[in-house]
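Dropping query-v1.txt in here (compact mmCIF, N, CA and C atoms):
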# COMPACT_ATOMS: atom_id res chain seq x y z
N MET A 675 0.83 -1.19 0.00
CA MET A 675 0.00 0.00 0.00
C MET A 675 0.87 1.25 0.00
N ARG A 676 1.86 1.28 0.84
CA ARG A 676 2.74 2.44 0.94
C ARG A 676 3.41 2.73 -0.40
N THR A 677 3.87 1.72 -1.10
CA THR A 677 4.51 1.89 -2.40
C THR A 677 3.55 2.54 -3.38
N TRP A 678 2.28 2.09 -3.37
CA TRP A 678 1.31 2.68 -4.29
C TRP A 678 1.10 4.15 -3.99
N LEU A 679 1.06 4.51 -2.70
CA LEU A 679 0.88 5.92 -2.35
C LEU A 679 2.07 6.75 -2.84
N LEU A 680 3.27 6.21 -2.71
CA LEU A 680 4.43 6.93 -3.20
C LEU A 680 4.37 7.09 -4.71
N ASP A 681 3.90 6.05 -5.40
CA ASP A 681 3.76 6.13 -6.85
C ASP A 681 2.78 7.22 -7.26
N THR A 682 1.72 7.41 -6.49
CA THR A 682 0.74 8.43 -6.87
C THR A 682 1.32 9.83 -6.75
N GLU A 683 2.27 10.01 -5.85
CA GLU A 683 2.91 11.31 -5.74
C GLU A 683 3.68 11.64 -7.02
N LYS A 684 4.22 10.64 -7.67
CA LYS A 684 4.98 10.84 -8.90
C LYS A 684 4.07 10.89 -10.12
N ASP A 685 2.96 10.23 -10.05
CA ASP A 685 2.06 10.10 -11.19
C ASP A 685 0.77 10.87 -10.89
N HIS A 686 0.70 12.10 -11.38
CA HIS A 686 -0.44 12.96 -11.09
C HIS A 686 -1.75 12.41 -11.63
N ARG A 687 -1.70 11.65 -12.70
CA ARG A 687 -2.92 11.05 -13.24
C ARG A 687 -3.50 10.07 -12.24
N ARG A 688 -2.64 9.24 -11.67
CA ARG A 688 -3.09 8.27 -10.67
C ARG A 688 -3.58 8.98 -9.42
N THR A 689 -2.93 10.06 -9.06
CA THR A 689 -3.37 10.82 -7.90
C THR A 689 -4.77 11.36 -8.14
N GLY A 690 -5.00 11.88 -9.34
CA GLY A 690 -6.33 12.38 -9.69
C GLY A 690 -7.38 11.29 -9.66
N LEU A 691 -7.03 10.13 -10.17
CA LEU A 691 -7.96 9.01 -10.16
C LEU A 691 -8.28 8.57 -8.73
N TYR A 692 -7.26 8.55 -7.89
CA TYR A 692 -7.46 8.19 -6.49
C TYR A 692 -8.39 9.19 -5.82
N ALA A 693 -8.14 10.47 -6.02
CA ALA A 693 -8.97 11.52 -5.42
C ALA A 693 -10.41 11.42 -5.91
N GLU A 694 -10.58 11.14 -7.19
CA GLU A 694 -11.92 10.99 -7.75
C GLU A 694 -12.65 9.80 -7.12
N LYS A 695 -11.96 8.69 -6.99
CA LYS A 695 -12.55 7.49 -6.40
C LYS A 695 -12.89 7.75 -4.93
N GLN A 696 -12.01 8.40 -4.23
CA GLN A 696 -12.24 8.74 -2.83
C GLN A 696 -13.49 9.62 -2.70
N SER A 697 -13.63 10.58 -3.58
CA SER A 697 -14.79 11.46 -3.57
C SER A 697 -16.08 10.69 -3.80
N GLN A 698 -16.04 9.74 -4.74
CA GLN A 698 -17.22 8.93 -5.03
C GLN A 698 -17.61 8.08 -3.82
N VAL A 699 -16.63 7.50 -3.16
CA VAL A 699 -16.90 6.68 -1.98
C VAL A 699 -17.49 7.53 -0.86
N LEU A 700 -16.92 8.72 -0.65
CA LEU A 700 -17.44 9.60 0.39
C LEU A 700 -18.87 10.06 0.08
N ASP A 701 -19.14 10.35 -1.19
CA ASP A 701 -20.50 10.73 -1.58
C ASP A 701 -21.49 9.61 -1.25
N LYS A 702 -21.10 8.36 -1.52
CA LYS A 702 -21.96 7.21 -1.22
C LYS A 702 -22.15 7.05 0.29
N LEU A 703 -21.08 7.25 1.04
CA LEU A 703 -21.17 7.14 2.50
C LEU A 703 -22.13 8.19 3.05
N VAL A 704 -22.00 9.42 2.58
CA VAL A 704 -22.87 10.50 3.05
C VAL A 704 -24.32 10.24 2.65
N ALA A 705 -24.53 9.76 1.44
CA ALA A 705 -25.89 9.45 0.99
C ALA A 705 -26.51 8.35 1.84
N GLY A 706 -25.71 7.38 2.24
CA GLY A 706 -26.20 6.28 3.05
C GLY A 706 -26.35 6.60 4.52
N SER A 707 -25.59 7.57 5.00
CA SER A 707 -25.61 7.93 6.43
C SER A 707 -25.53 9.45 6.58
N PRO A 708 -26.55 10.17 6.12
CA PRO A 708 -26.47 11.63 6.10
C PRO A 708 -26.48 12.30 7.48
N ARG A 709 -26.77 11.55 8.52
CA ARG A 709 -26.81 12.12 9.87
C ARG A 709 -25.70 11.55 10.77
N ASP A 710 -24.79 10.81 10.20
CA ASP A 710 -23.71 10.20 10.97
C ASP A 710 -22.55 11.20 11.07
N PRO A 711 -22.28 11.72 12.27
CA PRO A 711 -21.21 12.71 12.42
C PRO A 711 -19.84 12.23 11.97
N GLU A 712 -19.54 10.95 12.16
CA GLU A 712 -18.23 10.44 11.74
C GLU A 712 -18.09 10.44 10.22
N VAL A 713 -19.14 10.04 9.55
CA VAL A 713 -19.13 10.06 8.08
C VAL A 713 -19.02 11.50 7.59
N LEU A 714 -19.80 12.39 8.20
CA LEU A 714 -19.75 13.80 7.80
C LEU A 714 -18.38 14.41 8.07
N GLN A 715 -17.73 14.00 9.16
CA GLN A 715 -16.38 14.50 9.45
C GLN A 715 -15.39 14.08 8.38
N LEU A 716 -15.47 12.82 7.96
CA LEU A 716 -14.60 12.36 6.86
C LEU A 716 -14.85 13.19 5.60
N TYR A 717 -16.12 13.42 5.32
CA TYR A 717 -16.48 14.21 4.14
C TYR A 717 -15.96 15.64 4.27
N ALA A 718 -16.13 16.24 5.43
CA ALA A 718 -15.65 17.62 5.64
C ALA A 718 -14.15 17.72 5.44
N GLU A 719 -13.41 16.71 5.90
CA GLU A 719 -11.96 16.72 5.75
C GLU A 719 -11.53 16.67 4.29
N SER A 720 -12.39 16.16 3.43
CA SER A 720 -12.05 16.07 2.01
C SER A 720 -12.34 17.35 1.24
N LEU A 721 -13.09 18.26 1.85
CA LEU A 721 -13.51 19.47 1.14
C LEU A 721 -12.43 20.56 1.21
N GLN A 722 -12.25 21.25 0.11
CA GLN A 722 -11.29 22.34 0.03
C GLN A 722 -11.95 23.71 0.21
N ASP A 723 -13.19 23.83 -0.26
CA ASP A 723 -13.91 25.10 -0.19
C ASP A 723 -14.37 25.37 1.25
N PRO A 724 -13.93 26.49 1.85
CA PRO A 724 -14.28 26.78 3.24
C PRO A 724 -15.79 26.90 3.49
N ASP A 725 -16.53 27.44 2.53
CA ASP A 725 -17.98 27.57 2.71
C ASP A 725 -18.65 26.21 2.74
N GLN A 726 -18.25 25.32 1.84
CA GLN A 726 -18.81 23.96 1.84
C GLN A 726 -18.44 23.23 3.12
N LYS A 727 -17.19 23.38 3.50
CA LYS A 727 -16.70 22.70 4.71
C LYS A 727 -17.45 23.22 5.94
N ALA A 728 -17.64 24.53 6.02
CA ALA A 728 -18.35 25.12 7.16
C ALA A 728 -19.79 24.60 7.24
N ALA A 729 -20.44 24.43 6.10
CA ALA A 729 -21.82 23.93 6.08
C ALA A 729 -21.88 22.51 6.64
N VAL A 730 -20.93 21.67 6.26
CA VAL A 730 -20.91 20.28 6.74
C VAL A 730 -20.56 20.27 8.23
N LEU A 731 -19.60 21.08 8.64
CA LEU A 731 -19.23 21.13 10.05
C LEU A 731 -20.39 21.63 10.90
N ALA A 732 -21.16 22.58 10.40
CA ALA A 732 -22.34 23.07 11.13
C ALA A 732 -23.35 21.94 11.33
N LYS A 733 -23.52 21.09 10.32
CA LYS A 733 -24.42 19.93 10.46
C LYS A 733 -23.91 19.00 11.55
N ILE A 734 -22.62 18.76 11.55
CA ILE A 734 -22.02 17.86 12.55
C ILE A 734 -22.30 18.39 13.95
N VAL A 735 -22.04 19.68 14.14
CA VAL A 735 -22.24 20.30 15.45
C VAL A 735 -23.72 20.27 15.83
N ALA A 736 -24.62 20.46 14.86
CA ALA A 736 -26.06 20.40 15.14
C ALA A 736 -26.47 18.98 15.57
N PHE A 737 -25.90 17.96 14.94
CA PHE A 737 -26.23 16.58 15.28
C PHE A 737 -25.64 16.18 16.63
N ASN A 738 -24.42 16.67 16.91
CA ASN A 738 -23.76 16.30 18.15
C ASN A 738 -22.86 17.45 18.61
N PRO A 739 -23.41 18.35 19.44
CA PRO A 739 -22.63 19.52 19.90
C PRO A 739 -21.39 19.17 20.71
N LYS A 740 -21.28 17.92 21.17
CA LYS A 740 -20.12 17.52 21.97
C LYS A 740 -18.89 17.19 21.14
N LEU A 741 -19.03 17.19 19.82
CA LEU A 741 -17.87 16.90 18.96
C LEU A 741 -17.02 18.15 18.84
N THR A 742 -16.04 18.23 19.72
CA THR A 742 -15.24 19.45 19.84
C THR A 742 -14.39 19.73 18.61
N ASP A 743 -13.91 18.70 17.92
CA ASP A 743 -13.08 18.94 16.74
C ASP A 743 -13.86 19.69 15.66
N ALA A 744 -15.10 19.29 15.44
CA ALA A 744 -15.93 19.95 14.43
C ALA A 744 -16.24 21.38 14.85
N ARG A 745 -16.59 21.58 16.12
CA ARG A 745 -16.88 22.94 16.62
C ARG A 745 -15.64 23.83 16.50
N TYR A 746 -14.49 23.27 16.83
CA TYR A 746 -13.23 24.01 16.75
C TYR A 746 -12.95 24.45 15.31
N GLU A 747 -13.02 23.50 14.40
CA GLU A 747 -12.71 23.82 13.00
C GLU A 747 -13.73 24.81 12.42
N LEU A 748 -14.99 24.64 12.77
CA LEU A 748 -16.02 25.58 12.33
C LEU A 748 -15.72 26.97 12.88
N GLY A 749 -15.25 27.04 14.11
CA GLY A 749 -14.88 28.32 14.71
C GLY A 749 -13.73 28.99 13.96
N LEU A 750 -12.73 28.21 13.59
CA LEU A 750 -11.60 28.77 12.83
C LEU A 750 -12.07 29.33 11.49
N ILE A 751 -12.88 28.57 10.79
CA ILE A 751 -13.39 29.02 9.48
C ILE A 751 -14.23 30.28 9.65
N THR A 752 -15.09 30.27 10.66
CA THR A 752 -15.96 31.42 10.91
C THR A 752 -15.13 32.67 11.19
N ALA A 753 -14.10 32.54 12.00
CA ALA A 753 -13.24 33.69 12.32
C ALA A 753 -12.50 34.18 11.07
N ARG A 754 -12.01 33.26 10.25
CA ARG A 754 -11.28 33.64 9.04
C ARG A 754 -12.18 34.33 8.02
N LYS A 755 -13.48 34.06 8.11
CA LYS A 755 -14.42 34.68 7.18
C LYS A 755 -14.88 36.06 7.67
N GLY A 756 -14.28 36.55 8.76
CA GLY A 756 -14.58 37.90 9.22
C GLY A 756 -15.49 37.98 10.43
N LYS A 757 -16.02 36.87 10.86
CA LYS A 757 -16.87 36.85 12.06
C LYS A 757 -15.99 36.41 13.23
N THR A 758 -15.04 37.27 13.55
CA THR A 758 -13.99 36.91 14.50
C THR A 758 -14.53 36.57 15.88
N ALA A 759 -15.39 37.42 16.44
CA ALA A 759 -15.90 37.18 17.79
C ALA A 759 -16.68 35.86 17.86
N GLU A 760 -17.52 35.62 16.86
CA GLU A 760 -18.30 34.38 16.82
C GLU A 760 -17.39 33.16 16.70
N GLY A 761 -16.39 33.27 15.83
CA GLY A 761 -15.44 32.17 15.65
C GLY A 761 -14.64 31.89 16.90
N ILE A 762 -14.16 32.95 17.55
CA ILE A 762 -13.38 32.78 18.78
C ILE A 762 -14.24 32.11 19.86
N GLN A 763 -15.52 32.50 19.94
CA GLN A 763 -16.41 31.88 20.92
C GLN A 763 -16.56 30.38 20.67
N MET A 764 -16.68 30.00 19.39
CA MET A 764 -16.77 28.57 19.05
C MET A 764 -15.51 27.82 19.44
N VAL A 765 -14.37 28.43 19.17
CA VAL A 765 -13.09 27.80 19.51
C VAL A 765 -12.96 27.68 21.03
N GLU A 766 -13.33 28.73 21.76
CA GLU A 766 -13.27 28.69 23.22
C GLU A 766 -14.20 27.60 23.78
N ASP A 767 -15.39 27.48 23.20
CA ASP A 767 -16.32 26.42 23.62
C ASP A 767 -15.73 25.04 23.39
N ALA A 768 -15.08 24.88 22.23
CA ALA A 768 -14.46 23.59 21.92
C ALA A 768 -13.37 23.27 22.94
N ILE A 769 -12.57 24.26 23.28
CA ILE A 769 -11.49 24.07 24.26
C ILE A 769 -12.08 23.71 25.62
N ALA A 770 -13.14 24.40 26.01
CA ALA A 770 -13.76 24.17 27.32
C ALA A 770 -14.33 22.76 27.44
N HIS A 771 -14.75 22.18 26.33
CA HIS A 771 -15.37 20.86 26.36
C HIS A 771 -14.44 19.73 25.89
N GLN A 772 -13.21 20.05 25.59
CA GLN A 772 -12.27 19.03 25.11
C GLN A 772 -11.81 18.19 26.30
N GLY A 773 -12.00 16.90 26.21
CA GLY A 773 -11.62 16.00 27.28
C GLY A 773 -10.23 15.41 27.13
N ASN A 774 -9.63 15.55 25.96
CA ASN A 774 -8.32 14.96 25.69
C ASN A 774 -7.23 16.00 25.95
N PRO A 775 -6.42 15.84 27.00
CA PRO A 775 -5.40 16.83 27.32
C PRO A 775 -4.38 17.05 26.19
N ASP A 776 -4.09 16.00 25.43
CA ASP A 776 -3.14 16.16 24.33
C ASP A 776 -3.68 17.08 23.24
N SER A 777 -4.98 17.03 23.03
CA SER A 777 -5.60 17.88 22.01
C SER A 777 -5.69 19.34 22.45
N LEU A 778 -5.70 19.56 23.76
CA LEU A 778 -5.84 20.93 24.26
C LEU A 778 -4.72 21.86 23.78
N LYS A 779 -3.50 21.35 23.71
CA LYS A 779 -2.37 22.18 23.27
C LYS A 779 -2.61 22.70 21.86
N GLU A 780 -3.05 21.82 20.98
CA GLU A 780 -3.30 22.21 19.59
C GLU A 780 -4.46 23.21 19.51
N LEU A 781 -5.52 22.95 20.26
CA LEU A 781 -6.67 23.84 20.23
C LEU A 781 -6.30 25.23 20.76
N ARG A 782 -5.54 25.25 21.83
CA ARG A 782 -5.13 26.54 22.40
C ARG A 782 -4.24 27.31 21.43
N ALA A 783 -3.37 26.60 20.73
CA ALA A 783 -2.51 27.26 19.74
C ALA A 783 -3.35 27.91 18.65
N GLY A 784 -4.39 27.25 18.21
CA GLY A 784 -5.29 27.83 17.22
C GLY A 784 -5.98 29.07 17.73
N LEU A 785 -6.39 29.05 18.99
CA LEU A 785 -7.04 30.22 19.59
C LEU A 785 -6.06 31.39 19.69
N ILE A 786 -4.84 31.11 20.11
CA ILE A 786 -3.83 32.16 20.20
C ILE A 786 -3.59 32.79 18.82
N ASN A 787 -3.52 31.96 17.77
CA ASN A 787 -3.33 32.48 16.42
C ASN A 787 -4.48 33.37 16.01
N LEU A 788 -5.70 33.01 16.38
CA LEU A 788 -6.86 33.84 16.03
C LEU A 788 -6.80 35.19 16.74
N ARG A 789 -6.41 35.17 17.99
CA ARG A 789 -6.39 36.41 18.77
C ARG A 789 -5.24 37.33 18.40
N THR A 790 -4.19 36.80 17.79
CA THR A 790 -3.03 37.64 17.45
C THR A 790 -3.06 38.10 16.00
N ARG A 791 -4.11 37.76 15.27
CA ARG A 791 -4.19 38.17 13.87
C ARG A 791 -4.45 39.64 13.76
Structure translated into structure tokens:
Amino acid sequence: MRTWLLDTEKDHRRTGLYAEKQSQVLDKLVAGSPRDPEVLQLYAESLQDPDQKAAVLAKIVAFNPKLTDARYELGLITARKGKTAEGIQMVEDAIAHQGNPDSLKELRAGLINLRTR
């Protein structure tokens, strides 16, 4: 598997085919489980457009507000789109509800970056 991944880095056509196939699989997963936060998170991670990604992350947070990673990322996107106070509040909420101490360092770093912009 690792060799194939390295080959795709050299062969842009294969990389494109892989990305296309991945997109098709994610579309099928979302169609089959449109309310599953884990499926939606995978889908959100594949999106490049911040507006599309924010819409999917908002769905995730609506389905399960305890998913701090989605709330955090939605907060970062919201702040970058000019709604700084709203975005910072989302990031702070995510930090307040994060149960994993290792993740807290990363979340706090993101908050510091938002506040120093």
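The protein and nucleic acid residues lying at most 8 Å from segment 696-704 of chain A are Gly690, Leu691, Tyr692, Ala693, Glu694, Gly706, Ser707, Pro708, Arg709, Asp710, Val713, Leu714, Leu716, Tyr717 and Ser720 of chain A, with only N, CA and C atoms considered and sequence neighbours fewer than 2 positions away removed.
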Contacts of segment 676-751 of chain A with segment 768-774 of chain A up to 6 Å, shortest pair per row, only N, CA and C atoms, as JSON lines:
{"residue": "A:Thr742", "atom": "CA", "partner": "A:Ala768", "partner_atom": "CA", "distance": 4.7}
{"residue": "A:Arg745", "atom": "C", "partner": "A:Ala768", "partner_atom": "CA", "distance": 5.6}
{"residue": "A:Tyr746", "atom": "N", "partner": "A:Ala768", "partner_atom": "CA", "distance": 5.1}
Selection from above, N, CA and C atoms, as an mmCIF file, in the coordinates of the input, can you write it?
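And here is the file that came out, again-v3.cif:
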data_model
loop_
_atom_site.group_PDB
_atom_site.id
_atom_site.type_symbol
_atom_site.label_atom_id
_atom_site.label_comp_id
_atom_site.auth_asym_id
_atom_site.auth_seq_id
_atom_site.Cartn_x
_atom_site.Cartn_y
_atom_site.Cartn_z
ATOM 1 N N THR A 742 -16.040 18.230 19.720
ATOM 2 C CA THR A 742 -15.240 19.450 19.840
ATOM 3 C C THR A 742 -14.390 19.730 18.610
ATOM 4 N N ARG A 745 -16.590 21.580 16.120
ATOM 5 C CA ARG A 745 -16.880 22.940 16.620
ATOM 6 C C ARG A 745 -15.640 23.830 16.500
ATOM 7 N N TYR A 746 -14.490 23.270 16.830
ATOM 8 C CA TYR A 746 -13.230 24.010 16.750
ATOM 9 C C TYR A 746 -12.950 24.450 15.310
#
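With all atoms listed in the file as the atoms that count, the residue of A:Arg782, A:Lys727, A:Arg687, A:Lys740 with the shortest distance to Val765 of chain A is A:Arg782.
Atom C of Ala705 of chain A lies 23.4 Å from atom C of Glu747 of chain A.
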| remark: One decimal place gives the atom CA of Ala732 of chain A-atom CA of Glu780 of chain A separation as 20.9 Å
| Residues within 8 Å of Leu750 of chain A, all atoms listed in the file, excluding chain neighbours under 5 positions, as a PyMOL selection string | chain A and resi 744-745+755+760-762+764-765+784+788
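With only N, CA and C atoms as the basis for measurement, A:Ile751 is the residue among A:Asp743, A:Ala783, A:Ile751, A:Thr689 that approaches Asp725 of chain A most closely.
Put simply, atom C of Ile786 of chain A is 28.9 Å away from atom N of Pro711 of chain A.
Residue nearest Ala728 of chain A within the list A:Leu741, A:Gly749, A:Glu712, A:Arg688: A:Gly749 [criterion: smallest interatomic distance, only C-alpha atoms].
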Size and centre in Å, one decimal, axis-aligned box, all listed segment 709-716 of chain A atoms plus 6 Å per side, as AutoDock Vina command-line options:
--center_x -20.7 --center_y 12.3 --center_z 9.0 --size_x 24.2 --size_y 16.5 --size_z 18.8
